[in-house]
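Asks: upload06.csv (CSV, C-alpha atoms) pasted underneath:
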```csv
chain,number,residue,atom,x,y,z
S,2,MET,CA,-63.0,97.4,-57.0
S,3,GLU,CA,-63.3,101.0,-58.2
S,4,ASP,CA,-66.1,101.6,-55.6
S,5,VAL,CA,-63.9,100.2,-52.8
S,6,LEU,CA,-61.0,102.4,-53.8
S,7,LYS,CA,-63.3,105.5,-54.2
S,8,LYS,CA,-64.8,104.9,-50.8
S,9,ALA,CA,-61.4,104.4,-49.3
S,10,LEU,CA,-60.3,107.9,-50.5
S,11,GLN,CA,-63.6,109.6,-49.4
S,12,ARG,CA,-64.0,107.8,-46.1
S,13,PRO,CA,-63.7,110.0,-43.0
S,14,ARG,CA,-60.5,109.4,-41.2
S,15,ILE,CA,-60.8,107.8,-37.8
S,16,PHE,CA,-57.1,106.7,-37.5
S,17,VAL,CA,-54.3,109.2,-37.3
S,18,ASN,CA,-51.6,106.7,-36.5
S,19,ARG,CA,-52.6,103.1,-37.0
S,20,GLU,CA,-49.2,101.7,-35.8
S,21,VAL,CA,-50.0,102.8,-32.2
S,22,MET,CA,-52.7,100.1,-32.0
S,23,ARG,CA,-50.4,97.3,-33.2
S,24,SER,CA,-49.6,94.5,-30.7
S,25,ASP,CA,-45.8,94.9,-31.2
S,26,TYR,CA,-45.8,98.7,-30.7
S,27,VAL,CA,-43.6,99.9,-27.8
S,28,PRO,CA,-45.1,103.1,-26.4
S,29,GLU,CA,-43.1,105.8,-24.7
S,30,LYS,CA,-45.2,105.4,-21.6
S,31,LEU,CA,-46.4,102.2,-20.0
S,32,PRO,CA,-49.1,103.1,-17.5
S,33,HIS,CA,-49.2,101.1,-14.2
S,34,ARG,CA,-46.0,99.2,-15.0
S,35,HIS,CA,-43.4,101.8,-13.7
S,36,GLU,CA,-42.4,99.6,-10.8
S,37,HIS,CA,-41.8,96.6,-13.0
S,38,ILE,CA,-39.8,98.7,-15.4
S,39,ARG,CA,-37.6,100.0,-12.6
S,40,ARG,CA,-37.1,96.6,-11.1
S,41,LEU,CA,-36.1,95.0,-14.4
S,42,GLY,CA,-33.8,97.9,-15.1
S,43,GLU,CA,-32.1,97.5,-11.8
S,44,ILE,CA,-31.6,93.8,-12.4
S,45,LEU,CA,-30.0,94.4,-15.8
S,46,SER,CA,-28.0,97.5,-14.9
S,47,PRO,CA,-24.8,95.5,-14.2
S,48,ALA,CA,-24.6,94.9,-18.0
S,49,LEU,CA,-23.6,98.6,-18.5
S,50,SER,CA,-20.5,98.0,-16.4
S,51,LEU,CA,-19.9,94.8,-18.4
S,52,SER,CA,-20.8,92.5,-15.5
S,53,LYS,CA,-23.3,89.6,-16.1
S,54,PRO,CA,-26.7,90.4,-14.6
S,55,SER,CA,-28.8,87.8,-12.9
S,56,ASN,CA,-31.2,85.6,-14.9
S,57,VAL,CA,-34.8,86.7,-14.6
S,58,PHE,CA,-38.1,84.7,-14.7
S,59,ILE,CA,-41.2,86.8,-15.4
S,60,TYR,CA,-44.7,85.3,-15.3
S,61,GLY,CA,-48.2,86.5,-15.5
S,62,LYS,CA,-51.3,86.0,-17.6
S,63,THR,CA,-51.6,87.1,-21.3
S,64,GLY,CA,-51.9,90.8,-21.8
S,65,THR,CA,-50.4,91.9,-18.5
S,66,GLY,CA,-47.5,93.8,-20.1
S,67,LYS,CA,-44.6,91.4,-19.7
S,68,THR,CA,-43.5,91.6,-23.3
S,69,ALA,CA,-44.1,95.4,-23.5
S,70,VAL,CA,-42.0,96.0,-20.3
S,71,VAL,CA,-39.1,93.8,-21.6
S,72,ARG,CA,-39.1,95.5,-25.0
S,73,TYR,CA,-39.3,99.0,-23.4
S,74,VAL,CA,-36.3,98.2,-21.1
S,75,PHE,CA,-34.3,96.7,-23.9
S,76,LYS,CA,-35.0,99.8,-26.0
S,77,ARG,CA,-33.8,102.2,-23.3
S,78,PHE,CA,-30.7,100.0,-22.6
S,79,GLN,CA,-29.8,99.8,-26.3
S,80,GLU,CA,-29.8,103.6,-26.6
S,81,VAL,CA,-27.2,103.8,-23.8
S,82,VAL,CA,-25.2,100.9,-25.2
S,83,ALA,CA,-25.0,102.5,-28.6
S,84,LYS,CA,-24.1,105.9,-27.1
S,85,GLU,CA,-21.3,104.4,-24.9
S,86,ASP,CA,-20.2,101.9,-27.6
S,87,LEU,CA,-20.4,98.9,-25.2
S,88,PRO,CA,-20.1,95.2,-26.2
S,89,VAL,CA,-23.6,94.4,-25.0
S,90,ALA,CA,-26.3,93.0,-27.2
S,91,PHE,CA,-30.0,92.3,-26.7
S,92,ALA,CA,-32.1,89.6,-28.3
S,93,TYR,CA,-35.8,89.0,-28.2
S,94,VAL,CA,-37.0,85.5,-29.1
S,95,ASN,CA,-40.6,84.5,-29.2
S,96,CYS,CA,-40.4,80.8,-28.5
S,97,ARG,CA,-43.8,80.1,-29.8
S,98,ILE,CA,-43.0,81.6,-33.2
S,99,ALA,CA,-39.5,80.3,-33.4
S,100,GLY,CA,-41.0,76.9,-32.8
S,101,THR,CA,-37.9,74.7,-32.4
S,102,GLU,CA,-34.7,74.6,-30.3
S,103,TYR,CA,-32.7,75.0,-33.5
S,104,ARG,CA,-34.5,78.3,-34.5
S,105,VAL,CA,-34.1,79.7,-31.0
S,106,LEU,CA,-30.3,79.1,-31.1
S,107,ALA,CA,-30.2,80.5,-34.6
S,108,GLU,CA,-31.9,83.7,-33.5
S,109,LEU,CA,-29.5,84.1,-30.7
S,110,CYS,CA,-26.6,83.7,-33.1
S,111,GLU,CA,-28.1,86.2,-35.5
S,112,SER,CA,-28.3,88.8,-32.7
S,113,ILE,CA,-24.5,88.7,-32.3
S,114,SER,CA,-23.9,88.5,-36.1
S,115,VAL,CA,-23.0,84.8,-36.2
S,116,LYS,CA,-24.2,83.3,-39.4
S,117,VAL,CA,-26.2,80.1,-39.1
S,118,PRO,CA,-28.2,78.4,-42.0
S,119,PHE,CA,-31.9,78.2,-41.7
S,120,THR,CA,-31.6,74.5,-41.2
S,121,GLY,CA,-29.1,71.7,-41.7
S,122,LEU,CA,-26.7,71.9,-38.8
S,123,ALA,CA,-26.7,69.8,-35.6
S,124,LYS,CA,-28.1,71.6,-32.6
S,125,ALA,CA,-24.7,71.1,-30.8
S,126,GLU,CA,-22.9,72.9,-33.7
S,127,VAL,CA,-25.2,75.9,-33.5
S,128,PHE,CA,-24.8,76.0,-29.7
S,129,ALA,CA,-21.0,75.8,-30.2
S,130,ARG,CA,-21.1,78.7,-32.7
S,131,LEU,CA,-23.1,80.8,-30.3
S,132,ARG,CA,-20.6,80.2,-27.5
S,133,ARG,CA,-17.6,80.8,-29.7
S,134,GLY,CA,-19.2,84.0,-31.1
S,135,LEU,CA,-19.8,85.4,-27.6
S,136,LYS,CA,-16.2,84.6,-26.5
S,137,GLU,CA,-14.4,85.8,-29.7
S,138,ARG,CA,-16.4,89.0,-29.9
S,139,GLY,CA,-16.4,89.6,-26.1
S,140,ILE,CA,-20.1,90.2,-26.1
S,141,LEU,CA,-22.5,90.1,-23.2
S,142,LEU,CA,-25.8,89.0,-24.6
S,143,VAL,CA,-29.1,89.7,-22.7
S,144,ALA,CA,-31.8,87.4,-24.3
S,145,CYS,CA,-35.5,87.4,-23.6
S,146,PHE,CA,-37.2,84.1,-24.3
S,147,ASP,CA,-40.8,85.1,-24.6
S,148,GLU,CA,-43.4,82.4,-24.0
S,149,ILE,CA,-40.6,80.1,-22.9
S,150,ASP,CA,-43.2,77.5,-21.7
S,151,ALA,CA,-44.1,76.7,-25.3
S,152,LEU,CA,-40.6,75.6,-26.0
S,153,VAL,CA,-40.2,73.6,-22.8
S,154,LYS,CA,-43.6,71.8,-23.2
S,155,SER,CA,-42.6,70.7,-26.7
S,156,TYR,CA,-38.9,69.8,-26.2
S,157,GLY,CA,-38.2,69.7,-22.5
S,158,ASP,CA,-35.8,71.9,-20.6
S,159,ASN,CA,-32.5,70.5,-22.0
S,160,LEU,CA,-31.8,73.7,-24.0
S,161,LEU,CA,-32.4,75.9,-21.0
S,162,TYR,CA,-30.0,73.7,-19.0
S,163,GLU,CA,-27.3,74.0,-21.7
S,164,LEU,CA,-27.8,77.8,-21.9
S,165,SER,CA,-27.6,78.1,-18.2
S,166,ARG,CA,-24.1,76.6,-18.3
S,167,ILE,CA,-22.8,78.6,-21.3
S,168,ASN,CA,-21.1,81.1,-19.1
S,169,GLU,CA,-18.7,78.5,-17.6
S,170,GLY,CA,-15.1,79.6,-18.4
S,171,MET,CA,-16.3,82.9,-19.9
S,172,GLU,CA,-14.7,86.2,-18.6
S,173,GLY,CA,-16.2,89.6,-19.4
S,174,CYS,CA,-18.8,88.0,-21.8
S,175,GLY,CA,-21.6,85.5,-21.8
S,176,LEU,CA,-25.4,85.2,-21.7
S,177,THR,CA,-28.1,86.5,-19.3
S,178,MET,CA,-31.5,84.9,-19.8
S,179,ILE,CA,-35.0,86.5,-19.2
S,180,GLY,CA,-37.8,84.0,-19.5
S,181,THR,CA,-41.5,85.0,-19.7
S,182,SER,CA,-44.5,82.7,-19.3
S,183,ASN,CA,-48.2,83.0,-19.3
S,184,ASP,CA,-48.5,79.7,-17.4
S,185,LEU,CA,-48.3,80.4,-13.7
S,186,HIS,CA,-47.5,76.7,-13.1
S,187,PHE,CA,-44.7,76.6,-15.7
S,188,LYS,CA,-42.0,76.2,-13.1
S,189,ASP,CA,-43.4,72.8,-12.3
S,190,TYR,CA,-42.1,71.6,-15.7
S,191,LEU,CA,-38.5,72.6,-15.0
S,192,ASP,CA,-35.7,70.5,-13.6
S,193,PRO,CA,-34.6,71.9,-10.2
S,194,ARG,CA,-31.1,72.6,-11.7
S,195,VAL,CA,-32.6,74.7,-14.4
S,196,LEU,CA,-35.1,76.4,-12.1
S,197,SER,CA,-32.4,77.5,-9.6
S,198,SER,CA,-30.4,79.1,-12.5
S,199,LEU,CA,-33.3,80.7,-14.4
S,200,SER,CA,-35.1,82.0,-11.4
S,201,GLU,CA,-32.3,84.0,-9.8
S,202,GLU,CA,-34.7,86.9,-9.9
S,203,GLU,CA,-38.5,86.8,-10.3
S,204,LEU,CA,-41.1,89.3,-11.4
S,205,VAL,CA,-44.8,88.8,-11.2
S,206,PHE,CA,-47.3,90.7,-13.4
S,207,HIS,CA,-50.8,90.9,-12.1
S,208,PRO,CA,-53.8,91.4,-14.4
S,209,TYR,CA,-54.9,95.0,-15.1
S,210,THR,CA,-58.0,96.4,-13.5
S,211,ALA,CA,-60.7,98.1,-15.5
S,212,ILE,CA,-59.5,101.5,-14.3
S,213,GLU,CA,-55.9,100.7,-15.3
S,214,LEU,CA,-57.1,99.5,-18.8
S,215,VAL,CA,-59.0,102.8,-19.2
S,216,ASP,CA,-55.7,104.7,-18.7
S,217,ILE,CA,-53.9,102.4,-21.2
S,218,LEU,CA,-56.5,102.7,-23.8
S,219,SER,CA,-56.9,106.5,-23.3
S,220,GLU,CA,-53.2,106.9,-23.9
S,221,ARG,CA,-53.2,104.8,-27.1
S,222,ALA,CA,-56.4,106.5,-28.3
S,223,ARG,CA,-54.9,109.9,-27.9
S,224,LEU,CA,-52.1,109.0,-30.3
S,225,ALA,CA,-54.0,106.7,-32.7
S,226,PHE,CA,-57.3,108.4,-33.4
S,227,ARG,CA,-58.7,111.7,-34.7
S,228,GLU,CA,-60.0,113.9,-31.9
S,229,GLY,CA,-63.6,113.1,-31.1
S,230,ALA,CA,-63.6,109.9,-33.2
S,231,VAL,CA,-63.6,107.6,-30.2
S,232,PRO,CA,-65.8,108.8,-27.3
S,233,GLN,CA,-64.7,108.1,-23.7
S,234,GLU,CA,-67.6,105.8,-23.1
S,235,ILE,CA,-66.3,103.5,-25.9
S,236,ILE,CA,-62.9,103.4,-24.3
S,237,ASN,CA,-64.6,102.6,-21.0
S,238,LEU,CA,-66.7,99.8,-22.6
S,239,CYS,CA,-63.6,98.1,-24.2
S,240,ALA,CA,-61.7,98.3,-20.9
S,241,ALA,CA,-64.7,96.8,-19.0
S,242,LEU,CA,-65.1,93.9,-21.5
S,243,ALA,CA,-61.3,93.2,-21.4
S,244,ALA,CA,-61.2,93.4,-17.6
S,245,SER,CA,-63.9,90.8,-17.4
S,246,GLU,CA,-61.6,88.5,-19.3
S,247,HIS,CA,-58.7,88.5,-16.8
S,248,GLY,CA,-57.5,92.1,-17.3
S,249,ASP,CA,-55.9,91.5,-20.8
S,250,ALA,CA,-54.5,94.8,-22.2
S,251,ARG,CA,-53.8,93.2,-25.5
S,252,ARG,CA,-57.4,92.1,-25.8
S,253,ALA,CA,-58.6,95.6,-24.9
S,254,ILE,CA,-56.3,97.3,-27.5
S,255,ASP,CA,-57.4,94.8,-30.2
S,256,LEU,CA,-61.0,95.3,-29.4
S,257,LEU,CA,-60.8,99.1,-29.7
S,258,ARG,CA,-58.7,98.9,-32.9
S,259,VAL,CA,-61.1,96.5,-34.6
S,260,ALA,CA,-64.1,98.5,-33.6
S,261,ALA,CA,-62.5,101.6,-35.1
S,262,GLU,CA,-61.7,99.6,-38.3
S,263,VAL,CA,-65.4,98.5,-38.5
S,264,ALA,CA,-66.6,102.0,-38.1
S,265,GLU,CA,-64.1,103.3,-40.8
S,266,ARG,CA,-65.2,100.6,-43.2
S,267,ASN,CA,-68.8,101.6,-42.7
S,268,GLY,CA,-67.9,105.2,-43.5
S,269,ASP,CA,-68.9,106.3,-39.9
S,270,GLU,CA,-67.1,109.3,-38.3
S,271,VAL,CA,-67.5,108.1,-34.7
S,272,VAL,CA,-67.0,104.7,-33.1
S,273,GLU,CA,-70.2,103.5,-31.4
S,274,GLU,CA,-71.2,100.5,-29.2
S,275,ARG,CA,-72.5,98.6,-32.2
S,276,HIS,CA,-69.1,98.7,-33.7
S,277,VAL,CA,-67.6,97.3,-30.5
S,278,ARG,CA,-70.1,94.4,-30.5
S,279,ILE,CA,-69.3,93.5,-34.1
S,280,ALA,CA,-65.6,93.7,-33.3
S,281,GLN,CA,-66.1,91.2,-30.5
S,282,ASN,CA,-67.4,88.6,-32.9
S,283,ILE,CA,-64.6,89.2,-35.4
S,284,ILE,CA,-61.9,88.9,-32.7
S,285,GLU,CA,-63.4,85.7,-31.2
S,286,ARG,CA,-63.0,83.9,-34.5
S,287,GLY,CA,-59.6,85.5,-35.0
S,288,ARG,CA,-58.5,84.3,-31.5
S,289,ILE,CA,-59.3,80.7,-32.4
S,290,PHE,CA,-57.2,81.1,-35.6
S,291,GLU,CA,-54.3,82.7,-33.7
S,292,ALA,CA,-54.4,80.1,-30.9
S,293,ILE,CA,-54.1,77.3,-33.4
S,294,SER,CA,-51.6,79.1,-35.7
S,295,THR,CA,-49.2,79.8,-32.8
S,296,LEU,CA,-49.3,76.3,-31.3
S,297,PRO,CA,-45.9,74.6,-31.0
S,298,LEU,CA,-45.1,72.2,-33.9
S,299,HIS,CA,-46.0,68.9,-32.1
S,300,SER,CA,-49.3,70.4,-30.7
S,301,LYS,CA,-50.2,71.3,-34.3
S,302,LEU,CA,-49.4,67.7,-35.4
S,303,VAL,CA,-51.6,66.3,-32.7
S,304,LEU,CA,-54.4,68.6,-33.7
S,305,LEU,CA,-53.9,67.8,-37.4
S,306,SER,CA,-54.1,64.1,-36.6
S,307,MET,CA,-57.5,64.6,-35.0
S,308,LEU,CA,-58.6,66.7,-38.0
S,309,LEU,CA,-57.5,63.9,-40.4
S,310,LEU,CA,-59.4,61.3,-38.4
S,311,ALA,CA,-62.5,63.5,-38.3
S,312,ARG,CA,-62.4,63.7,-42.1
S,313,GLY,CA,-62.3,59.9,-42.2
S,314,ASN,CA,-65.5,59.8,-40.1
S,315,VAL,CA,-63.7,59.0,-36.9
S,316,SER,CA,-65.3,61.8,-35.0
S,317,SER,CA,-64.4,60.8,-31.4
S,318,PRO,CA,-61.1,58.9,-31.5
S,319,VAL,CA,-59.5,57.3,-28.4
S,320,SER,CA,-56.0,58.6,-27.4
S,321,GLY,CA,-54.3,55.5,-28.8
S,322,MET,CA,-55.7,56.1,-32.3
S,323,VAL,CA,-54.7,59.8,-32.1
S,324,TYR,CA,-51.2,58.8,-31.2
S,325,GLN,CA,-50.9,56.2,-34.0
S,326,THR,CA,-52.0,58.9,-36.5
S,327,TYR,CA,-49.7,61.4,-35.0
S,328,LYS,CA,-46.7,59.0,-35.5
S,329,GLU,CA,-47.8,58.6,-39.1
S,330,VAL,CA,-47.9,62.3,-39.9
S,331,CYS,CA,-44.5,62.8,-38.1
S,332,LYS,CA,-43.1,60.1,-40.4
S,333,GLN,CA,-44.5,61.9,-43.5
S,334,ILE,CA,-42.4,65.0,-42.8
S,335,GLY,CA,-39.4,63.3,-41.3
S,336,ILE,CA,-39.8,64.4,-37.7
S,337,GLU,CA,-39.1,62.2,-34.7
S,338,PRO,CA,-42.4,61.7,-32.8
S,339,LEU,CA,-42.7,62.4,-29.1
S,340,THR,CA,-43.5,59.7,-26.6
S,341,ASP,CA,-47.0,58.6,-25.9
S,342,ARG,CA,-46.8,60.3,-22.5
S,343,ARG,CA,-45.7,63.7,-24.0
S,344,VAL,CA,-48.5,63.6,-26.5
S,345,SER,CA,-51.0,62.9,-23.8
S,346,SER,CA,-49.8,66.0,-22.0
S,347,LEU,CA,-50.2,68.0,-25.3
S,348,ILE,CA,-53.8,66.8,-25.6
S,349,SER,CA,-54.4,68.0,-22.0
S,350,GLU,CA,-53.1,71.4,-23.0
S,351,LEU,CA,-55.4,71.5,-26.1
S,352,ASP,CA,-58.2,70.6,-23.7
S,353,MET,CA,-57.3,73.5,-21.4
S,354,LEU,CA,-57.3,75.9,-24.5
S,355,GLY,CA,-60.8,74.7,-25.3
S,356,VAL,CA,-59.8,73.5,-28.7
S,357,VAL,CA,-60.7,69.8,-27.9
S,358,LYS,CA,-62.5,68.0,-25.1
S,359,SER,CA,-60.8,65.0,-23.5
S,360,GLU,CA,-62.9,62.6,-21.4
S,361,LEU,CA,-61.9,59.4,-19.6
S,362,VAL,CA,-63.9,56.3,-20.7
S,363,ASN,CA,-64.0,52.8,-19.4
S,364,MET,CA,-63.2,50.1,-22.0
S,365,GLY,CA,-64.2,47.2,-19.7
S,366,ARG,CA,-61.5,44.5,-19.6
S,367,HIS,CA,-59.3,46.6,-21.9
S,368,GLY,CA,-58.9,49.2,-19.2
S,369,ARG,CA,-59.5,52.9,-19.4
S,370,THR,CA,-58.6,55.4,-22.1
S,371,ARG,CA,-59.4,58.9,-23.2
S,372,ARG,CA,-61.8,59.9,-25.9
S,373,ILE,CA,-61.0,63.1,-27.8
S,374,ILE,CA,-63.7,65.3,-29.2
S,375,LEU,CA,-62.9,68.3,-31.5
S,376,LEU,CA,-64.6,71.4,-30.2
S,377,THR,CA,-63.3,73.7,-32.9
S,378,PRO,CA,-64.9,73.6,-36.4
S,379,PRO,CA,-62.7,71.5,-38.8
S,380,ASP,CA,-62.7,74.3,-41.4
S,381,GLU,CA,-61.1,76.7,-38.9
S,382,ILE,CA,-58.4,74.2,-38.0
S,383,GLU,CA,-57.8,73.6,-41.7
S,384,GLU,CA,-57.5,77.3,-42.3
S,385,ALA,CA,-54.8,77.6,-39.6
S,386,ILE,CA,-52.9,74.5,-40.7
S,387,ARG,CA,-53.0,75.6,-44.4
S,388,GLY,CA,-51.0,78.7,-43.4
S,389,ASP,CA,-48.1,76.5,-42.2
S,390,GLU,CA,-45.8,75.6,-45.1
S,391,LEU,CA,-44.5,72.5,-43.4
S,392,LEU,CA,-47.8,71.0,-42.5
S,393,SER,CA,-50.2,72.2,-45.2
S,394,PRO,CA,-49.2,69.2,-47.6
S,395,LEU,CA,-50.4,66.8,-44.9
S,396,LEU,CA,-54.0,68.0,-45.2
S,397,ASP,CA,-54.3,65.6,-48.1
S,398,TYR,CA,-52.9,62.6,-46.1
S,399,LYS,CA,-55.3,59.8,-45.2
S,400,PRO,CA,-54.3,58.0,-42.0
S,401,SER,CA,-54.5,54.2,-41.7
S,402,ALA,CA,-57.3,54.4,-39.1
S,403,ALA,CA,-59.5,56.3,-41.5
S,404,ARG,CA,-58.9,54.1,-44.6
```
As structure tokens, how would this structure be written, given the file I've shared?

Replies:
Amino acid sequence: MEDVLKKALQRPRIFVNREVMRSDYVPEKLPHRHEHIRRLGEILSPALSLSKPSNVFIYGKTGTGKTAVVRYVFKRFQEVVAKEDLPVAFAYVNCRIAGTEYRVLAELCESISVKVPFTGLAKAEVFARLRRGLKERGILLVACFDEIDALVKSYGDNLLYELSRINEGMEGCGLTMIGTSNDLHFKDYLDPRVLSSLSEEELVFHPYTAIELVDILSERARLAFREGAVPQEIINLCAALAASEHGDARRAIDLLRVAAEVAERNGDEVVEERHVRIAQNIIERGRIFEAISTLPLHSKLVLLSMLLLARGNVSSPVSGMVYQTYKEVCKQIGIEPLTDRRVSSLISELDMLGVVKSELVNMGRHGRTRRIILLTPPDEIEEAIRGDELLSPLLDYKPSAAR
């Protein structure tokens, strides 16, 4: 340990400001998103005259700047609201992290200083407190539901429908919703009534090109690193690698950051291509962990069911066996299971993520079913599940199909 600490003190500094490379950092400049910033600002501008803005639906692939633009616009609006002392509030809710409808409503309540316990109330009561809080305080709340598709795919669109009607009978206060989704087909999941309300305005974010990613990384690198520590060719390489994977700016920033951290740990003064290649391998494993860790609750339960079956030497279970095990683990933690059909759609989503493989098999006179194969190493799934306080005790459960 002494050697580690000694090296840390003697190591040449590559980073000047590490915070700039964090995923939640909101920069002063957002290259190549000026038009989106202006458009969202125009849509929300009625809030400054205490009129309810239109709801907005924003969609585009991961890493195209949706969250950064919303946070940037919120930050600028909050400065004006504070200066003018206006009864306008802004809330940012990551639906994938919040996980449940209850937590989404609780975070909205917290944004307007309405107290709600972490758990224990009926959803209808939390909704009533939110509505009452908006009305009594005379607040106009602008709320961004980031990755809104994660919530809808797990619980349906009932909450969105209720929120879309919260403004009925409200004068000079209420709620404006901004929904963001990485799923370009997300709107297919919505009831037409919800869709017509949520999609009053739409913004589409296209993937960044390699040239645009170079500009984004160059701006971040200027603030984050010591001069000369990250050559331009390294920035170009990270941009090119990210551009080849659907123009993901978040991926590009993470790759450059991890490459710099690898170089720093090695005691090198300049980031080189070999550091980028090592960073690629590190991130790939990290992406699997993040993908599993940020899954909605019921998707995690489905994946956990497959893991428990695999431990019981049931390596390629059919969908019926997975569903039976899923119901068992739901019962263990007191959660109402979803229908067979909903679980089937969750398995399809895990298939699309590349976490599992689902293939149709003919069972003869018993008809057809799906066989599920885990593509992710069990130890990596276990590592992600173990970090979830609610689900980690289930790792020791033995399902009936594996006894």

Asks: I'd like the neighbourhood of Tyr190 in chain S as a ChimeraX atom specification, where a residue qualifies if any of its atoms comes within 9 Å (using all atoms listed in the file), though same-chain residues fewer than 5 positions away should be ignored.

Replies: /S:150,153-154,157-158

Asks: Emit the selected residues as a short mmCIF file (atom, residue, chain, number, x, y, z; two decimals), in the frame of the given file, including C-alpha atoms.

Replies:
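The result, written out as part.cif:
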```cif
data_model
loop_
_atom_site.label_atom_id
_atom_site.label_comp_id
_atom_site.auth_asym_id
_atom_site.auth_seq_id
_atom_site.Cartn_x
_atom_site.Cartn_y
_atom_site.Cartn_z
CA ASP S 150 -43.20 77.50 -21.70
CA VAL S 153 -40.20 73.60 -22.80
CA LYS S 154 -43.60 71.80 -23.20
CA GLY S 157 -38.20 69.70 -22.50
CA ASP S 158 -35.80 71.90 -20.60
#
```

Asks: Considering only C-alpha atoms, state which residue in the set S:Ser114, S:Ser320, S:Thr101, S:Ser306 is at the smallest distance from Lys399 in chain S.

Replies: S:Ser306

Asks: Using all atoms listed in the file, which residues sit within 12 Å of Val259 in chain S once same-chain residues fewer than 3 positions away are excluded, as a ChimeraX atom specification?

Replies: /S:15-16,19,22-23,239,252-256,262-266,272-273,275-285,287

Asks: Do you have the CA of Lys124 in chain S-CA of Tyr156 in chain S distance handy?

Replies: 12.7 Å

Asks: Given the choices S:Ile38, S:Leu196, S:Ile212, S:Leu164, which gets closest to Met178 in chain S if the distance is worked out from only C-alpha atoms?

Replies: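 Nearest to Met178 in chain S: S:Leu164.
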
Asks: For the point (-53.7, 99.6, -26.2) in the file's frame, write as a ChimeraX atom specification all residues with an atom no more than 12 Å away, counting all atoms listed in the file.

Replies: /S:19-28,30-32,64-66,69,213-226,236,239-240,243,249-259

Asks: For the residues in the current selection, export C-alpha atoms as a compact mmCIF listing (two decimals), in the coordinates of the input.

Replies:
```txt
# COMPACT_ATOMS: atom_id res chain seq x y z
CA ARG S 19 -52.60 103.10 -37.00
CA GLU S 20 -49.20 101.70 -35.80
CA VAL S 21 -50.00 102.80 -32.20
CA MET S 22 -52.70 100.10 -32.00
CA ARG S 23 -50.40 97.30 -33.20
CA SER S 24 -49.60 94.50 -30.70
CA ASP S 25 -45.80 94.90 -31.20
CA TYR S 26 -45.80 98.70 -30.70
CA VAL S 27 -43.60 99.90 -27.80
CA PRO S 28 -45.10 103.10 -26.40
CA LYS S 30 -45.20 105.40 -21.60
CA LEU S 31 -46.40 102.20 -20.00
CA PRO S 32 -49.10 103.10 -17.50
CA GLY S 64 -51.90 90.80 -21.80
CA THR S 65 -50.40 91.90 -18.50
CA GLY S 66 -47.50 93.80 -20.10
CA ALA S 69 -44.10 95.40 -23.50
CA GLU S 213 -55.90 100.70 -15.30
CA LEU S 214 -57.10 99.50 -18.80
CA VAL S 215 -59.00 102.80 -19.20
CA ASP S 216 -55.70 104.70 -18.70
CA ILE S 217 -53.90 102.40 -21.20
CA LEU S 218 -56.50 102.70 -23.80
CA SER S 219 -56.90 106.50 -23.30
CA GLU S 220 -53.20 106.90 -23.90
CA ARG S 221 -53.20 104.80 -27.10
CA ALA S 222 -56.40 106.50 -28.30
CA ARG S 223 -54.90 109.90 -27.90
CA LEU S 224 -52.10 109.00 -30.30
CA ALA S 225 -54.00 106.70 -32.70
CA PHE S 226 -57.30 108.40 -33.40
CA ILE S 236 -62.90 103.40 -24.30
CA CYS S 239 -63.60 98.10 -24.20
CA ALA S 240 -61.70 98.30 -20.90
CA ALA S 243 -61.30 93.20 -21.40
CA ASP S 249 -55.90 91.50 -20.80
CA ALA S 250 -54.50 94.80 -22.20
CA ARG S 251 -53.80 93.20 -25.50
CA ARG S 252 -57.40 92.10 -25.80
CA ALA S 253 -58.60 95.60 -24.90
CA ILE S 254 -56.30 97.30 -27.50
CA ASP S 255 -57.40 94.80 -30.20
CA LEU S 256 -61.00 95.30 -29.40
CA LEU S 257 -60.80 99.10 -29.70
CA ARG S 258 -58.70 98.90 -32.90
CA VAL S 259 -61.10 96.50 -34.60
```

Asks: Quick check, in Å to one decimal: how far apart do CA of Glu172 in chain S and CA of Ala107 in chain S lie?

Replies: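 Distance reported for this atom pair: 23.0 Å.
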
Asks: For Arg132 in chain S, find every residue with an atom within 10 Å (counting all atoms listed in the file), except residues of its own chain fewer than 3 positions away, and show them as a PDB file with C-alpha atoms, in the coordinates of the input.

Replies:
```pdb
ATOM      1  CA  CYS S 110     -26.600  83.700 -33.100  1.00  0.00           C
ATOM      2  CA  GLU S 126     -22.900  72.900 -33.700  1.00  0.00           C
ATOM      3  CA  VAL S 127     -25.200  75.900 -33.500  1.00  0.00           C
ATOM      4  CA  PHE S 128     -24.800  76.000 -29.700  1.00  0.00           C
ATOM      5  CA  ALA S 129     -21.000  75.800 -30.200  1.00  0.00           C
ATOM      6  CA  LEU S 135     -19.800  85.400 -27.600  1.00  0.00           C
ATOM      7  CA  LYS S 136     -16.200  84.600 -26.500  1.00  0.00           C
ATOM      8  CA  GLU S 137     -14.400  85.800 -29.700  1.00  0.00           C
ATOM      9  CA  LEU S 164     -27.800  77.800 -21.900  1.00  0.00           C
ATOM     10  CA  ILE S 167     -22.800  78.600 -21.300  1.00  0.00           C
ATOM     11  CA  ASN S 168     -21.100  81.100 -19.100  1.00  0.00           C
ATOM     12  CA  MET S 171     -16.300  82.900 -19.900  1.00  0.00           C
ATOM     13  CA  CYS S 174     -18.800  88.000 -21.800  1.00  0.00           C
ATOM     14  CA  GLY S 175     -21.600  85.500 -21.800  1.00  0.00           C
ATOM     15  CA  LEU S 176     -25.400  85.200 -21.700  1.00  0.00           C
TER      16      LEU S 176
END
```

Asks: In Å to one decimal, how far is CA of Pro318 in chain S from CA of Arg371 in chain S?

Replies: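 If I compute the distance from CA of Arg371 in chain S to CA of Pro318 in chain S, I get 8.5 Å.
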
Asks: From the set S:Val117, S:Leu376, S:Leu298, S:Leu131, which residue has the shortest atom-to-atom contact distance to Gly355 in chain S, counting all atoms listed in the file?

Replies: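 Selected residue with least distance to Gly355 in chain S: S:Leu376.
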